[in-house]
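So this one's input.pdb, PDB, C-alpha atoms:
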```
MODEL        1
ATOM      1  CA  MET A1109      37.742  40.014 -12.828  1.00  0.00           C
ATOM      2  CA  LEU A1110      34.529  40.068 -10.832  1.00  0.00           C
ATOM      3  CA  HIS A1111      32.506  36.903 -10.110  1.00  0.00           C
ATOM      4  CA  LEU A1112      28.779  37.410  -9.560  1.00  0.00           C
ATOM      5  CA  ARG A1113      25.722  35.237  -9.022  1.00  0.00           C
ATOM      6  CA  SER A1114      22.252  35.941 -10.330  1.00  0.00           C
ATOM      7  CA  ASP A1115      19.406  33.868  -8.930  1.00  0.00           C
ATOM      8  CA  SER A1116      16.796  35.004 -11.474  1.00  0.00           C
ATOM      9  CA  PRO A1117      16.237  37.015 -14.665  1.00  0.00           C
ATOM     10  CA  ALA A1118      15.292  39.941 -12.397  1.00  0.00           C
ATOM     11  CA  SER A1119      18.694  39.710 -10.693  1.00  0.00           C
ATOM     12  CA  THR A1120      20.412  39.627 -14.077  1.00  0.00           C
ATOM     13  CA  SER A1121      18.491  42.776 -15.026  1.00  0.00           C
ATOM     14  CA  ALA A1122      19.499  44.400 -11.727  1.00  0.00           C
ATOM     15  CA  ILE A1123      23.171  43.639 -12.420  1.00  0.00           C
ATOM     16  CA  ALA A1124      22.788  45.176 -15.876  1.00  0.00           C
ATOM     17  CA  ALA A1125      21.065  48.241 -14.406  1.00  0.00           C
ATOM     18  CA  SER A1126      23.937  48.715 -11.956  1.00  0.00           C
ATOM     19  CA  LEU A1127      26.416  48.703 -14.822  1.00  0.00           C
ATOM     20  CA  ALA A1128      24.188  50.998 -16.885  1.00  0.00           C
ATOM     21  CA  GLY A1129      24.483  53.596 -14.149  1.00  0.00           C
ATOM     22  CA  LEU A1130      28.197  53.814 -14.938  1.00  0.00           C
ATOM     23  CA  ALA A1131      27.938  53.674 -18.722  1.00  0.00           C
ATOM     24  CA  ARG A1132      28.977  56.569 -20.938  1.00  0.00           C
ATOM     25  CA  ARG A1133      28.721  57.434 -24.595  1.00  0.00           C
ATOM     26  CA  GLY A1134      31.277  55.414 -26.485  1.00  0.00           C
ATOM     27  CA  ASP A1135      31.119  52.377 -24.191  1.00  0.00           C
ATOM     28  CA  LEU A1136      31.145  48.876 -25.588  1.00  0.00           C
ATOM     29  CA  ILE A1137      29.780  45.948 -23.609  1.00  0.00           C
ATOM     30  CA  VAL A1138      30.366  42.430 -24.906  1.00  0.00           C
ATOM     31  CA  LEU A1139      27.988  39.692 -23.773  1.00  0.00           C
ATOM     32  CA  ALA A1140      29.061  36.054 -23.898  1.00  0.00           C
ATOM     33  CA  GLY A1141      27.352  32.806 -23.001  1.00  0.00           C
ATOM     34  CA  GLU A1142      25.366  29.929 -24.382  1.00  0.00           C
ATOM     35  CA  MET A1143      22.027  30.242 -26.124  1.00  0.00           C
ATOM     36  CA  GLY A1144      19.274  30.985 -23.612  1.00  0.00           C
ATOM     37  CA  VAL A1145      21.567  32.003 -20.762  1.00  0.00           C
ATOM     38  CA  GLY A1146      20.182  35.541 -20.464  1.00  0.00           C
ATOM     39  CA  LYS A1147      22.185  37.838 -22.730  1.00  0.00           C
ATOM     40  CA  THR A1148      19.062  39.535 -24.067  1.00  0.00           C
ATOM     41  CA  ALA A1149      17.630  39.788 -20.526  1.00  0.00           C
ATOM     42  CA  PHE A1150      20.831  41.607 -19.579  1.00  0.00           C
ATOM     43  CA  ALA A1151      20.429  43.977 -22.538  1.00  0.00           C
ATOM     44  CA  GLN A1152      16.808  44.613 -21.563  1.00  0.00           C
ATOM     45  CA  GLY A1153      17.732  45.498 -17.971  1.00  0.00           C
ATOM     46  CA  PHE A1154      20.535  47.741 -19.177  1.00  0.00           C
ATOM     47  CA  GLY A1155      18.267  49.496 -21.675  1.00  0.00           C
ATOM     48  CA  ARG A1156      15.499  50.130 -19.150  1.00  0.00           C
ATOM     49  CA  ALA A1157      18.053  51.605 -16.743  1.00  0.00           C
ATOM     50  CA  ILE A1158      19.302  54.152 -19.284  1.00  0.00           C
ATOM     51  CA  GLY A1159      15.804  55.146 -20.355  1.00  0.00           C
ATOM     52  CA  VAL A1160      14.835  52.938 -23.299  1.00  0.00           C
ATOM     53  CA  ASN A1161      11.036  52.936 -23.309  1.00  0.00           C
ATOM     54  CA  GLU A1162      10.346  50.413 -26.061  1.00  0.00           C
ATOM     55  CA  PRO A1163      10.698  46.620 -25.873  1.00  0.00           C
ATOM     56  CA  ILE A1164      14.254  45.415 -26.449  1.00  0.00           C
ATOM     57  CA  THR A1165      14.339  42.261 -28.543  1.00  0.00           C
ATOM     58  CA  SER A1166      17.129  40.062 -29.800  1.00  0.00           C
ATOM     59  CA  PRO A1167      18.572  41.414 -33.053  1.00  0.00           C
ATOM     60  CA  THR A1168      19.614  37.958 -34.276  1.00  0.00           C
ATOM     61  CA  TYR A1169      18.313  38.384 -37.821  1.00  0.00           C
ATOM     62  CA  THR A1170      18.637  42.161 -38.215  1.00  0.00           C
ATOM     63  CA  LEU A1171      22.078  42.243 -36.511  1.00  0.00           C
ATOM     64  CA  VAL A1172      21.629  45.674 -34.840  1.00  0.00           C
ATOM     65  CA  HIS A1173      18.656  47.364 -33.192  1.00  0.00           C
ATOM     66  CA  SER A1174      19.014  50.993 -32.077  1.00  0.00           C
ATOM     67  CA  TYR A1175      17.007  52.444 -29.192  1.00  0.00           C
ATOM     68  CA  PRO A1176      16.971  56.171 -28.391  1.00  0.00           C
ATOM     69  CA  ALA A1177      17.320  56.724 -24.647  1.00  0.00           C
ATOM     70  CA  GLY A1178      17.425  60.471 -24.138  1.00  0.00           C
ATOM     71  CA  ARG A1179      21.096  61.366 -23.732  1.00  0.00           C
ATOM     72  CA  VAL A1180      22.360  58.321 -25.647  1.00  0.00           C
ATOM     73  CA  THR A1181      21.279  55.678 -28.110  1.00  0.00           C
ATOM     74  CA  LEU A1182      21.621  52.037 -27.153  1.00  0.00           C
ATOM     75  CA  HIS A1183      22.789  49.936 -30.098  1.00  0.00           C
ATOM     76  CA  HIS A1184      22.105  46.255 -29.417  1.00  0.00           C
ATOM     77  CA  ALA A1185      23.937  43.915 -31.765  1.00  0.00           C
ATOM     78  CA  ASP A1186      23.939  40.147 -32.174  1.00  0.00           C
ATOM     79  CA  ILE A1187      26.792  38.729 -34.214  1.00  0.00           C
ATOM     80  CA  TYR A1188      25.945  35.044 -33.768  1.00  0.00           C
ATOM     81  CA  ARG A1189      25.261  34.573 -37.478  1.00  0.00           C
ATOM     82  CA  LEU A1190      28.396  36.335 -38.719  1.00  0.00           C
ATOM     83  CA  SER A1191      31.288  34.173 -39.795  1.00  0.00           C
ATOM     84  CA  THR A1192      34.142  36.559 -40.593  1.00  0.00           C
ATOM     85  CA  HIS A1193      35.862  39.552 -39.016  1.00  0.00           C
ATOM     86  CA  HIS A1194      35.019  41.514 -42.176  1.00  0.00           C
ATOM     87  CA  GLU A1195      31.298  41.020 -41.570  1.00  0.00           C
ATOM     88  CA  VAL A1196      31.737  42.309 -38.018  1.00  0.00           C
ATOM     89  CA  ALA A1197      33.744  45.287 -39.293  1.00  0.00           C
ATOM     90  CA  ASP A1198      30.898  46.090 -41.701  1.00  0.00           C
ATOM     91  CA  LEU A1199      28.637  46.739 -38.696  1.00  0.00           C
ATOM     92  CA  ALA A1200      30.738  49.875 -38.010  1.00  0.00           C
ATOM     93  CA  PHE A1201      30.720  49.709 -34.211  1.00  0.00           C
ATOM     94  CA  ALA A1202      33.283  52.526 -34.074  1.00  0.00           C
ATOM     95  CA  GLU A1203      30.896  54.898 -35.840  1.00  0.00           C
ATOM     96  CA  LEU A1204      28.028  53.913 -33.549  1.00  0.00           C
ATOM     97  CA  LEU A1205      30.213  54.539 -30.509  1.00  0.00           C
ATOM     98  CA  GLU A1206      31.511  57.868 -31.799  1.00  0.00           C
ATOM     99  CA  SER A1207      28.047  59.242 -32.515  1.00  0.00           C
ATOM    100  CA  ASP A1208      25.944  59.137 -29.390  1.00  0.00           C
ATOM    101  CA  GLY A1209      25.966  55.471 -28.625  1.00  0.00           C
ATOM    102  CA  ILE A1210      26.537  52.720 -26.179  1.00  0.00           C
ATOM    103  CA  VAL A1211      26.902  49.364 -27.919  1.00  0.00           C
ATOM    104  CA  ILE A1212      25.993  45.987 -26.431  1.00  0.00           C
ATOM    105  CA  VAL A1213      27.179  43.044 -28.532  1.00  0.00           C
ATOM    106  CA  GLU A1214      25.787  39.573 -27.962  1.00  0.00           C
ATOM    107  CA  TRP A1215      28.134  36.738 -28.933  1.00  0.00           C
ATOM    108  CA  GLY A1216      30.931  39.299 -29.215  1.00  0.00           C
ATOM    109  CA  ASP A1217      33.474  37.290 -27.261  1.00  0.00           C
ATOM    110  CA  VAL A1218      34.596  35.614 -30.487  1.00  0.00           C
ATOM    111  CA  VAL A1219      35.915  38.939 -31.803  1.00  0.00           C
ATOM    112  CA  ALA A1220      36.427  40.821 -28.513  1.00  0.00           C
ATOM    113  CA  GLY A1221      40.162  41.084 -29.137  1.00  0.00           C
ATOM    114  CA  THR A1222      39.491  43.246 -32.188  1.00  0.00           C
ATOM    115  CA  LEU A1223      36.929  45.518 -30.545  1.00  0.00           C
ATOM    116  CA  GLY A1224      39.195  47.737 -28.436  1.00  0.00           C
ATOM    117  CA  GLU A1225      38.196  48.855 -24.951  1.00  0.00           C
ATOM    118  CA  HIS A1226      35.169  46.993 -23.648  1.00  0.00           C
ATOM    119  CA  LEU A1227      33.503  45.384 -20.683  1.00  0.00           C
ATOM    120  CA  LEU A1228      33.074  41.626 -21.094  1.00  0.00           C
ATOM    121  CA  VAL A1229      30.100  40.089 -19.307  1.00  0.00           C
ATOM    122  CA  ARG A1230      30.154  36.284 -19.477  1.00  0.00           C
ATOM    123  CA  ILE A1231      26.931  34.623 -18.303  1.00  0.00           C
ATOM    124  CA  GLU A1232      26.881  30.905 -17.528  1.00  0.00           C
ATOM    125  CA  PHE A1233      24.272  28.404 -16.440  1.00  0.00           C
ATOM    126  CA  GLU A1234      24.520  27.141 -12.850  1.00  0.00           C
ATOM    127  CA  GLU A1235      24.035  23.377 -12.614  1.00  0.00           C
ATOM    128  CA  ALA A1236      22.407  23.334  -9.185  1.00  0.00           C
ATOM    129  CA  ASP A1237      19.635  25.842  -9.971  1.00  0.00           C
ATOM    130  CA  GLU A1238      18.063  26.281 -13.423  1.00  0.00           C
ATOM    131  CA  ASP A1239      17.201  29.946 -12.707  1.00  0.00           C
ATOM    132  CA  ALA A1240      20.650  30.868 -11.382  1.00  0.00           C
ATOM    133  CA  ARG A1241      23.511  32.230 -13.461  1.00  0.00           C
ATOM    134  CA  GLY A1242      27.189  32.755 -12.820  1.00  0.00           C
ATOM    135  CA  ILE A1243      28.353  36.059 -14.248  1.00  0.00           C
ATOM    136  CA  VAL A1244      31.967  37.081 -14.730  1.00  0.00           C
ATOM    137  CA  VAL A1245      32.746  40.716 -15.529  1.00  0.00           C
ATOM    138  CA  THR A1246      36.129  41.682 -16.980  1.00  0.00           C
ATOM    139  CA  ALA A1247      37.331  45.110 -18.098  1.00  0.00           C
ATOM    140  CA  THR A1248      39.633  45.706 -21.063  1.00  0.00           C
ATOM    141  CA  GLY A1249      41.109  49.171 -21.476  1.00  0.00           C
ATOM    142  CA  ARG A1250      41.601  52.297 -19.445  1.00  0.00           C
ATOM    143  CA  SER A1251      38.074  53.705 -19.774  1.00  0.00           C
ATOM    144  CA  TRP A1252      36.637  50.751 -17.834  1.00  0.00           C
ATOM    145  CA  ALA A1253      39.634  50.356 -15.539  1.00  0.00           C
ATOM    146  CA  VAL A1254      39.125  53.832 -14.058  1.00  0.00           C
ATOM    147  CA  ARG A1255      35.548  52.818 -13.155  1.00  0.00           C
ATOM    148  CA  TRP A1256      36.459  49.389 -11.795  1.00  0.00           C
ATOM    149  CA  ASP A1257      36.275  50.278  -8.076  1.00  0.00           C
ATOM    150  CA  GLU A1258      32.792  51.714  -8.591  1.00  0.00           C
ATOM    151  CA  ILE A1259      31.741  48.641 -10.596  1.00  0.00           C
ATOM    152  CA  GLU A1260      32.824  46.422  -7.696  1.00  0.00           C
ATOM    153  CA  ARG A1261      31.009  48.632  -5.188  1.00  0.00           C
ATOM    154  CA  ARG A1262      27.734  48.677  -7.156  1.00  0.00           C
ATOM    155  CA  LEU A1263      27.777  44.934  -7.740  1.00  0.00           C
ATOM    156  CA  ALA A1264      28.914  43.874  -4.247  1.00  0.00           C
ATOM    157  CA  ALA A1265      25.463  42.484  -3.394  1.00  0.00           C
ATOM    158  CA  PHE A1266      25.806  39.964  -6.241  1.00  0.00           C
ATOM    159  CA  ALA A1267      29.446  38.984  -5.608  1.00  0.00           C
ATOM    160  CA  CYS A1268      30.351  35.352  -4.950  1.00  0.00           C
TER     161      CYS A1268
ENDMDL
END
```

Here is the file; what I need is its structure written in the form of structure tokens.
Amino acid sequence: MLHLRSDSPASTSAIAASLAGLARRGDLIVLAGEMGVGKTAFAQGFGRAIGVNEPITSPTYTLVHSYPAGRVTLHHADIYRLSTHHEVADLAFAELLESDGIVIVEWGDVVAGTLGEHLLVRIEFEEADEDARGIVVTATGRSWAVRWDEIERRLAAFAC
């Protein structure tokens, strides 16, 4: 588990960009946190870092937006409005990951246990500073575990 601090949306984007530099096809990143905490800002920073050239917006009503980024496609999902595991399964994350994709799932912590290997990024409000966020990064599975030392190294500037 890695504890980080972001003092602004730009810092949150920089954290995302650092993680994007380690991302591979088939990676799943689960974003957790309250409404308005910066999950979409994280996705935007991640997308820019891997080469997405179009605006990344929250897919709350469409559930999944896909963004070509050269070597990969970023699939940005929001499962806030889904109420059952069957609805989540219908989104076919496995197929998106197997094709050419990296998947970022907002609100995915509710079903993270069913998603297989993933990186969980939990973003929380900081009481003392309305722009600051506490971010906790946790890896599940071997594919992220083998990159953990590099994750820690790249994010050292944001560590608490």

### Query
Using the chain letters and numbers from the file, which residues does the PyMOL selection byres ((chain A and resi 1251-1259) around 12) grab, as a PyMOL selection string?
chain A and resi 1109-1112+1123-1137+1224-1228+1245-1250+1260-1267

### Query
Smallest atom-to-atom distance to Glu1238 of chain A: which of A:Val1145, A:Ile1164, A:Val1213, A:Cys1268, using all atoms listed in the file?
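Looking only at the distances to Glu1238 of chain A, the closest residue turns out to be A:Val1145.
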
### Query
Which residues, written as a VMD selection string, have at least one atom at most 6 Å from Asp1186 of chain A, with only C-alpha atoms counted and residues fewer than 4 positions away on the same chain left out?
chain A and resid 1167 to 1168 1171 1213 to 1214

Can you list, as a tab-separated table (two decimals) with C-alpha atoms, in the frame of the given file, every protein, DNA or RNA residue that comes within 7 Å of Ile1243 of chain A when you count all atoms listed in the file, leaving out same-chain residues fewer than 3 positions away?
```
chain	number	residue	atom	x	y	z
A	1111	HIS	CA	32.51	36.90	-10.11
A	1112	LEU	CA	28.78	37.41	-9.56
A	1113	ARG	CA	25.72	35.24	-9.02
A	1229	VAL	CA	30.10	40.09	-19.31
A	1230	ARG	CA	30.15	36.28	-19.48
A	1231	ILE	CA	26.93	34.62	-18.30
A	1232	GLU	CA	26.88	30.90	-17.53
```

### Message
Between atom CA of Asn1161 of chain A and atom CA of Ile1210 of chain A, what distance in Å does the model show, to one decimal?
### Response
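Distance reported for this atom pair: 15.8 Å.
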
### Nearest residue to Ser1116 of chain A from the set A:Asp1208, A:Glu1162, A:Ala1149, A:Leu1139 (distances using all atoms listed in the file)
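Among A:Asp1208, A:Glu1162, A:Ala1149, A:Leu1139, it is A:Ala1149 that comes nearest to Ser1116 of chain A.
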
### Message
Given all atoms listed in the file as the basis, pick out the residue of A:Val1172, A:Ala1240, A:Val1180, A:Ile1187 nearest to Asp1217 of chain A.
### Response
A:Ile1187
